[in-house]
Every structure is written in C-alpha cells, then in structure tokens.
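Peer 1: I am sharing entry_21.cif, which consists of mmCIF, C-alpha atoms:
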```cif
data_coords
#
loop_
_atom_site.label_atom_id
_atom_site.label_comp_id
_atom_site.auth_asym_id
_atom_site.auth_seq_id
_atom_site.Cartn_x
_atom_site.Cartn_y
_atom_site.Cartn_z
CA MET Q 217 35.06 81.52 -23.40
CA LEU Q 218 33.80 83.65 -26.30
CA ASP Q 219 30.08 84.29 -26.56
CA PHE Q 220 28.82 84.95 -30.09
CA THR Q 221 25.10 84.90 -29.26
CA LEU Q 222 22.62 87.59 -30.21
CA LYS Q 223 22.16 88.30 -26.50
CA SER Q 224 25.88 89.04 -26.18
CA TYR Q 225 25.76 91.18 -29.33
CA ALA Q 226 22.84 93.18 -27.92
CA SER Q 227 24.84 93.75 -24.74
CA LEU Q 228 27.79 95.00 -26.79
CA ILE Q 229 25.56 97.43 -28.71
CA ASP Q 230 24.06 98.72 -25.46
CA ALA Q 231 27.51 99.12 -23.88
CA LEU Q 232 28.77 101.09 -26.89
CA LYS Q 233 25.69 103.32 -26.90
CA ASN Q 234 26.01 103.90 -23.15
CA ALA Q 235 29.68 104.83 -23.65
CA GLY Q 236 28.62 107.59 -26.06
CA TYR Q 237 29.35 105.95 -29.39
CA SER Q 238 27.41 106.83 -32.54
CA PHE Q 239 26.81 104.26 -35.26
CA GLN Q 240 27.14 104.64 -39.02
CA THR Q 241 26.88 102.39 -42.02
CA PHE Q 242 30.05 101.94 -44.07
CA GLU Q 243 28.54 104.03 -46.88
CA ASP Q 244 27.57 106.89 -44.55
CA PHE Q 245 31.00 106.78 -42.92
CA LEU Q 246 32.72 107.17 -46.30
CA ARG Q 247 30.41 109.95 -47.45
CA ASN Q 248 30.12 111.96 -44.24
CA PRO Q 249 31.88 110.56 -41.15
CA LEU Q 250 30.43 111.65 -37.83
CA LYS Q 251 32.66 113.36 -35.31
CA GLY Q 252 33.53 111.88 -31.93
CA LYS Q 253 33.23 108.26 -30.92
CA ILE Q 254 31.99 106.24 -33.88
CA VAL Q 255 31.28 102.62 -34.64
CA MET Q 256 31.26 101.99 -38.37
CA MET Q 257 29.04 98.94 -38.51
CA ARG Q 258 29.41 96.43 -41.35
CA HIS Q 259 28.98 92.70 -41.81
CA ASP Q 260 30.20 90.25 -44.45
CA VAL Q 261 27.48 87.72 -45.25
CA ASP Q 262 29.67 84.80 -46.22
CA GLU Q 263 27.52 81.76 -45.54
CA LEU Q 264 24.28 82.05 -43.56
CA ALA Q 265 22.05 84.85 -44.78
CA CYS Q 266 19.44 83.90 -42.17
CA ASN Q 267 21.91 84.76 -39.39
CA ALA Q 268 22.58 88.15 -40.98
CA LEU Q 269 18.85 88.82 -40.92
CA LYS Q 270 18.70 88.06 -37.20
CA MET Q 271 21.50 90.57 -36.59
CA ALA Q 272 19.81 93.16 -38.82
CA ARG Q 273 16.56 92.81 -36.87
CA LEU Q 274 18.41 93.18 -33.57
CA GLU Q 275 20.27 96.27 -34.78
CA ASN Q 276 16.99 97.77 -35.97
CA GLU Q 277 15.44 97.16 -32.53
CA HIS Q 278 18.40 99.03 -31.02
CA GLY Q 279 18.04 101.94 -33.44
CA ILE Q 280 21.24 101.39 -35.38
CA ARG Q 281 21.98 100.80 -39.05
CA ALA Q 282 24.70 98.67 -40.60
CA THR Q 283 25.99 97.69 -44.03
CA TYR Q 284 25.60 94.07 -45.10
CA PHE Q 285 27.97 92.85 -47.81
CA PHE Q 286 26.45 89.93 -49.73
CA ARG Q 287 28.28 87.45 -51.93
CA ILE Q 288 26.72 86.28 -55.19
CA VAL Q 289 26.90 82.60 -54.16
CA LYS Q 290 23.65 80.88 -53.13
CA GLN Q 291 24.50 80.48 -49.42
CA SER Q 292 24.80 84.27 -49.09
CA ASN Q 293 22.56 85.56 -51.85
CA ASN Q 294 19.01 85.22 -50.51
CA PRO Q 295 16.67 87.77 -52.13
CA ASP Q 296 14.07 87.60 -49.34
CA VAL Q 297 16.76 88.25 -46.71
CA ILE Q 298 18.29 91.09 -48.73
CA ARG Q 299 14.89 92.74 -49.18
CA GLU Q 300 14.07 92.54 -45.49
CA ILE Q 301 17.47 93.87 -44.44
CA VAL Q 302 16.95 96.88 -46.73
CA GLU Q 303 13.39 97.34 -45.38
CA LEU Q 304 14.89 97.46 -41.87
CA GLY Q 305 16.90 100.53 -42.95
CA HIS Q 306 20.29 98.93 -43.48
CA SER Q 307 22.51 99.40 -46.51
CA VAL Q 308 23.75 96.65 -48.81
CA GLY Q 309 27.10 96.24 -50.50
CA TYR Q 310 28.58 93.66 -52.85
CA HIS Q 311 31.08 91.20 -51.30
CA TYR Q 312 32.80 90.44 -54.59
CA GLU Q 313 35.00 87.51 -55.58
CA ASP Q 314 34.76 87.75 -59.33
CA LEU Q 315 38.46 87.36 -60.13
CA THR Q 316 38.58 84.09 -58.21
CA LEU Q 317 35.32 82.84 -59.74
CA SER Q 318 36.70 83.76 -63.20
CA ALA Q 319 39.95 81.85 -62.58
CA GLY Q 320 42.05 84.99 -62.99
CA ASP Q 321 40.53 86.10 -66.29
CA TYR Q 322 40.30 89.87 -65.75
CA GLU Q 323 37.99 90.57 -68.68
CA LYS Q 324 35.56 87.86 -67.63
CA ALA Q 325 35.85 88.98 -63.99
CA ILE Q 326 35.00 92.63 -64.65
CA LYS Q 327 31.98 91.65 -66.74
CA SER Q 328 30.87 89.35 -63.94
CA PHE Q 329 31.48 92.10 -61.39
CA GLN Q 330 29.31 94.55 -63.33
CA LYS Q 331 26.52 91.99 -63.79
CA ASN Q 332 26.55 91.03 -60.10
CA LEU Q 333 26.68 94.65 -58.96
CA GLU Q 334 23.61 95.43 -61.07
CA TYR Q 335 21.90 92.39 -59.58
CA PHE Q 336 22.39 93.72 -56.03
CA ARG Q 337 21.37 97.20 -57.13
CA GLN Q 338 17.87 95.92 -57.81
CA TYR Q 339 17.52 95.70 -54.01
CA TYR Q 340 19.56 98.72 -52.92
CA PRO Q 341 21.54 101.49 -54.70
CA VAL Q 342 24.87 99.83 -53.88
CA ALA Q 343 27.68 102.35 -53.48
CA THR Q 344 30.22 100.19 -51.62
CA VAL Q 345 31.95 96.89 -52.21
CA CYS Q 346 34.44 94.79 -50.32
CA MET Q 347 36.55 91.91 -51.48
CA HIS Q 348 35.84 88.37 -50.33
CA GLY Q 349 39.07 86.62 -49.48
CA SER Q 350 39.23 83.26 -51.18
CA SER Q 351 41.96 81.56 -49.19
CA THR Q 352 42.15 78.48 -51.40
CA SER Q 353 42.58 80.54 -54.59
CA LYS Q 354 45.84 81.84 -56.01
CA PHE Q 355 43.94 84.95 -57.19
CA ASP Q 356 43.56 88.04 -55.03
CA ASN Q 357 40.20 89.62 -55.81
CA ARG Q 358 41.57 93.09 -54.94
CA SER Q 359 43.85 92.82 -57.99
CA LEU Q 360 40.84 93.59 -60.16
CA TRP Q 361 41.38 97.26 -59.29
CA ASP Q 362 44.91 97.20 -60.70
CA LYS Q 363 43.26 97.26 -64.14
CA TYR Q 364 39.88 98.89 -63.49
CA ALA Q 365 38.49 101.75 -61.39
CA LEU Q 366 35.73 101.61 -58.78
CA SER Q 367 34.53 105.05 -59.84
CA VAL Q 368 33.53 103.71 -63.28
CA PHE Q 369 30.83 101.73 -61.48
CA GLY Q 370 29.64 104.65 -59.37
CA LEU Q 371 31.26 103.23 -56.24
CA ILE Q 372 32.89 105.11 -53.39
#
```
Would you put the structure from the file into structure tokens?
Peer 2:
Amino acid sequence: MLDFTLKSYASLIDALKNAGYSFQTFEDFLRNPLKGKIVMMRHDVDELACNALKMARLENEHGIRATYFFRIVKQSNNPDVIREIVELGHSVGYHYEDLTLSAGDYEKAIKSFQKNLEYFRQYYPVATVCMHGSSTSKFDNRSLWDKYALSVFGLI
C-alpha cells in the first residue's frame, strides 16, 4: 500500500539526507548542478495549492529547498500560498498550458504565456517553466517552443 502522507514524505527526506544526498531546486540544478548524490526537488501544483504549502513548510523544516511550478488556473494560483512558499526560501516556476487554453492559436498563446509569466514574476524572479500536460486536449503545450524561444523570456 502506498503512503502519500506528509509523515511518509518526511521519512523519505530524512532517508535521502542520511544516505548523503544533497538537495537543489530545479533552477539551481540548471544553473550550477552540485556534484555527487543529488535530489533535484520540484513539484507541479496542479490542483491543491494548500497541499503544496504543507509540503513547502515541511521541506523548510528539514532544511531543503524545492521549486514549485504553479498553473495560472484558480485551483493552483493562490497568491497567499505563492508568497508564503517564496518566503520559506523555495523557488517558483510557471506550469504553463497556454497553447491548450488558447485552443491552438500560437499568437494568442505566446501573448498569454508572457502575461502569465509576468504575473508569477511579481512573486518570484521566475527563470524556469514546465509544461502542464492537458490530456483531454489535442494541443501539446510544448509545441509552443517550435515557434518561439525560451531565452526571449529570460528563461533557462
């Protein structure tokens, strides 16, 4: 039986630390990966921002930092949660789905992407993004980068 409780997660963190692993955020890993045994810690906040905050607090108590990728939709996008996660020392990224939300219109999607990225940058200097998979959509959000470049937005 799988145990997805915070108690189990704390035990996992402790076991990794005791085994000699170091922890990095996604952003730090891309910029300057540590040597040796590394856990690159990141979370996609798809639905329940309050659960992400519980994890962020636990990680902070254990002295580790993670990256939290937030969607723009209301169930993920909770300004109070985002602020507190940043205050706990974690990084924030944008969990984008603009091509899907724009019904495949690339021009509309890239404008939406830029607007949403700037929105999240009011909380944290976002340098990383990851695509949200929209399984019921015929559009693949990663396709946005067939026409545009991440570097134009100051992303790594």
Peer 1: Check the smallest atom-to-atom distance from each of Q:Ala231, Q:Leu366, Q:Val308, Q:Ala282 to Ile326 in chain Q using all atoms listed in the file, then report the winner.
Peer 2: Q:Leu366
Peer 1: What's around Val261 in chain Q at 6 Å? Count only C-alpha atoms, leave out sequence neighbours fewer than 6 positions away in its own chain, and write the answer as an mmCIF file with C-alpha atoms, keeping the file's coordinate frame.
Peer 2:
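To be explicit, this is the file written out as around_18.cif:
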```
data_model
loop_
_atom_site.group_PDB
_atom_site.id
_atom_site.type_symbol
_atom_site.label_atom_id
_atom_site.label_comp_id
_atom_site.auth_asym_id
_atom_site.auth_seq_id
_atom_site.Cartn_x
_atom_site.Cartn_y
_atom_site.Cartn_z
ATOM 1 C CA PHE Q 285 27.970 92.850 -47.810
ATOM 2 C CA PHE Q 286 26.450 89.930 -49.730
ATOM 3 C CA SER Q 292 24.800 84.270 -49.090
#
```
Peer 1: When you draw a straight line from CA of Tyr322 in chain Q to CA of Ser359 in chain Q, how long is it in Å?
Peer 2: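 Distance between the two atoms: 9.0 Å.
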Peer 1: May I have the residues within 8 Å of Gly349 in chain Q as JSON, numbers by chain, using all atoms listed in the file and disregarding those fewer than 4 positions away in the same chain?
Peer 2: {"Q": [313, 356, 357]}
Peer 1: Give as number ranges by chain each residue that has an atom at most 9 Å from (27.5, 83.4, -57.7) in the file, counting all atoms listed in the file.
Peer 2: Q: 287-290, 293, 313-314, 317, 332
Peer 1: Expand the PyMOL selection byres ((chain Q and resi 240-245) around 8) into the individual residues it matches in the shown file, reporting them as a list in words.
Peer 2: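 With the shown file as input, the PyMOL selection byres ((chain Q and resi 240-245) around 8) matches Ser238, Phe239, Leu246, Arg247, Asn248, Pro249, Leu250, Ile254, Val255, Met256, Met257, Arg258, Ile280, Arg281, Ala282, Thr283, His306, Ser307, Ala343, Thr344 and Ile372 of chain Q.
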Peer 1: Hey, what's within 8 Å of His278 in chain Q if we count all atoms listed in the file and toss same-chain stuff fewer than 4 positions away? As a list of chain:residue names, please?
Peer 2: Q:Ala226, Q:Ile229, Q:Asp230, Q:Leu274
Peer 1: Just to confirm, what's the straight-line distance from CA of His259 in chain Q to CA of Thr352 in chain Q in Å (one decimal)?
Peer 2: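 Here the two named atoms are 21.6 Å from each other.
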Peer 1: Rounded to one decimal place, report the CA of Lys327 in chain Q-CA of Pro341 in chain Q distance in Å.
Peer 2: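 Taking CA of Lys327 in chain Q as the start and CA of Pro341 in chain Q as the end point, the length is 18.7 Å.
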Peer 1: If we count only C-alpha atoms, what is near range 298-302 of chain Q at a cut-off of 8 Å, once residues fewer than 2 positions away on the same chain are taken out, given as a short mmCIF file (atom, residue, chain, number, x, y, z; two decimals) with C-alpha atoms, in the coordinates of the input?
Peer 2:
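Final output, saved to part.cif:
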```
data_model
loop_
_atom_site.label_atom_id
_atom_site.label_comp_id
_atom_site.auth_asym_id
_atom_site.auth_seq_id
_atom_site.Cartn_x
_atom_site.Cartn_y
_atom_site.Cartn_z
CA LEU Q 269 18.85 88.82 -40.92
CA ALA Q 272 19.81 93.16 -38.82
CA ARG Q 273 16.56 92.81 -36.87
CA ASN Q 293 22.56 85.56 -51.85
CA ASN Q 294 19.01 85.22 -50.51
CA PRO Q 295 16.67 87.77 -52.13
CA ASP Q 296 14.07 87.60 -49.34
CA LEU Q 304 14.89 97.46 -41.87
CA GLY Q 305 16.90 100.53 -42.95
CA HIS Q 306 20.29 98.93 -43.48
CA SER Q 307 22.51 99.40 -46.51
CA VAL Q 308 23.75 96.65 -48.81
CA TYR Q 339 17.52 95.70 -54.01
CA TYR Q 340 19.56 98.72 -52.92
#
```
Peer 1: Restricting the calculation to only C-alpha atoms, which member of Q:Asn276, Q:Leu222, Q:Cys346, Q:Tyr237 is positioned closest to Glu303 in chain Q?
Peer 2: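 Distance minimum relative to Glu303 in chain Q lands on Q:Asn276.
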Peer 1: Give me the residues near Tyr335 in chain Q as a short mmCIF file (atom, residue, chain, number, x, y, z; two decimals) with C-alpha atoms, in the coordinates of the input, where near means some atom within 10 Å (using all atoms listed in the file) and where sequence neighbours in that chain fewer than 6 positions away do not count.
Peer 2:
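In the end it all went to out14.cif:
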```
data_model
loop_
_atom_site.label_atom_id
_atom_site.label_comp_id
_atom_site.auth_asym_id
_atom_site.auth_seq_id
_atom_site.Cartn_x
_atom_site.Cartn_y
_atom_site.Cartn_z
CA ILE Q 288 26.72 86.28 -55.19
CA TYR Q 310 28.58 93.66 -52.85
CA PHE Q 329 31.48 92.10 -61.39
CA VAL Q 342 24.87 99.83 -53.88
#
```
Peer 1: Which residue out of Q:Thr316, Q:Ser351, Q:Gln330, Q:Ser224 has the minimum interatomic distance to Tyr364 in chain Q when only C-alpha atoms are used?
Peer 2: Q:Gln330
Peer 1: Nearest to Cys266 in chain Q among Q:Ser367, Q:Asn234, Q:Ser227, Q:Gln291, with distances taken over all atoms listed in the file: which residue is it?
Peer 2: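 For Cys266 in chain Q, the nearest of the candidates is Q:Gln291.
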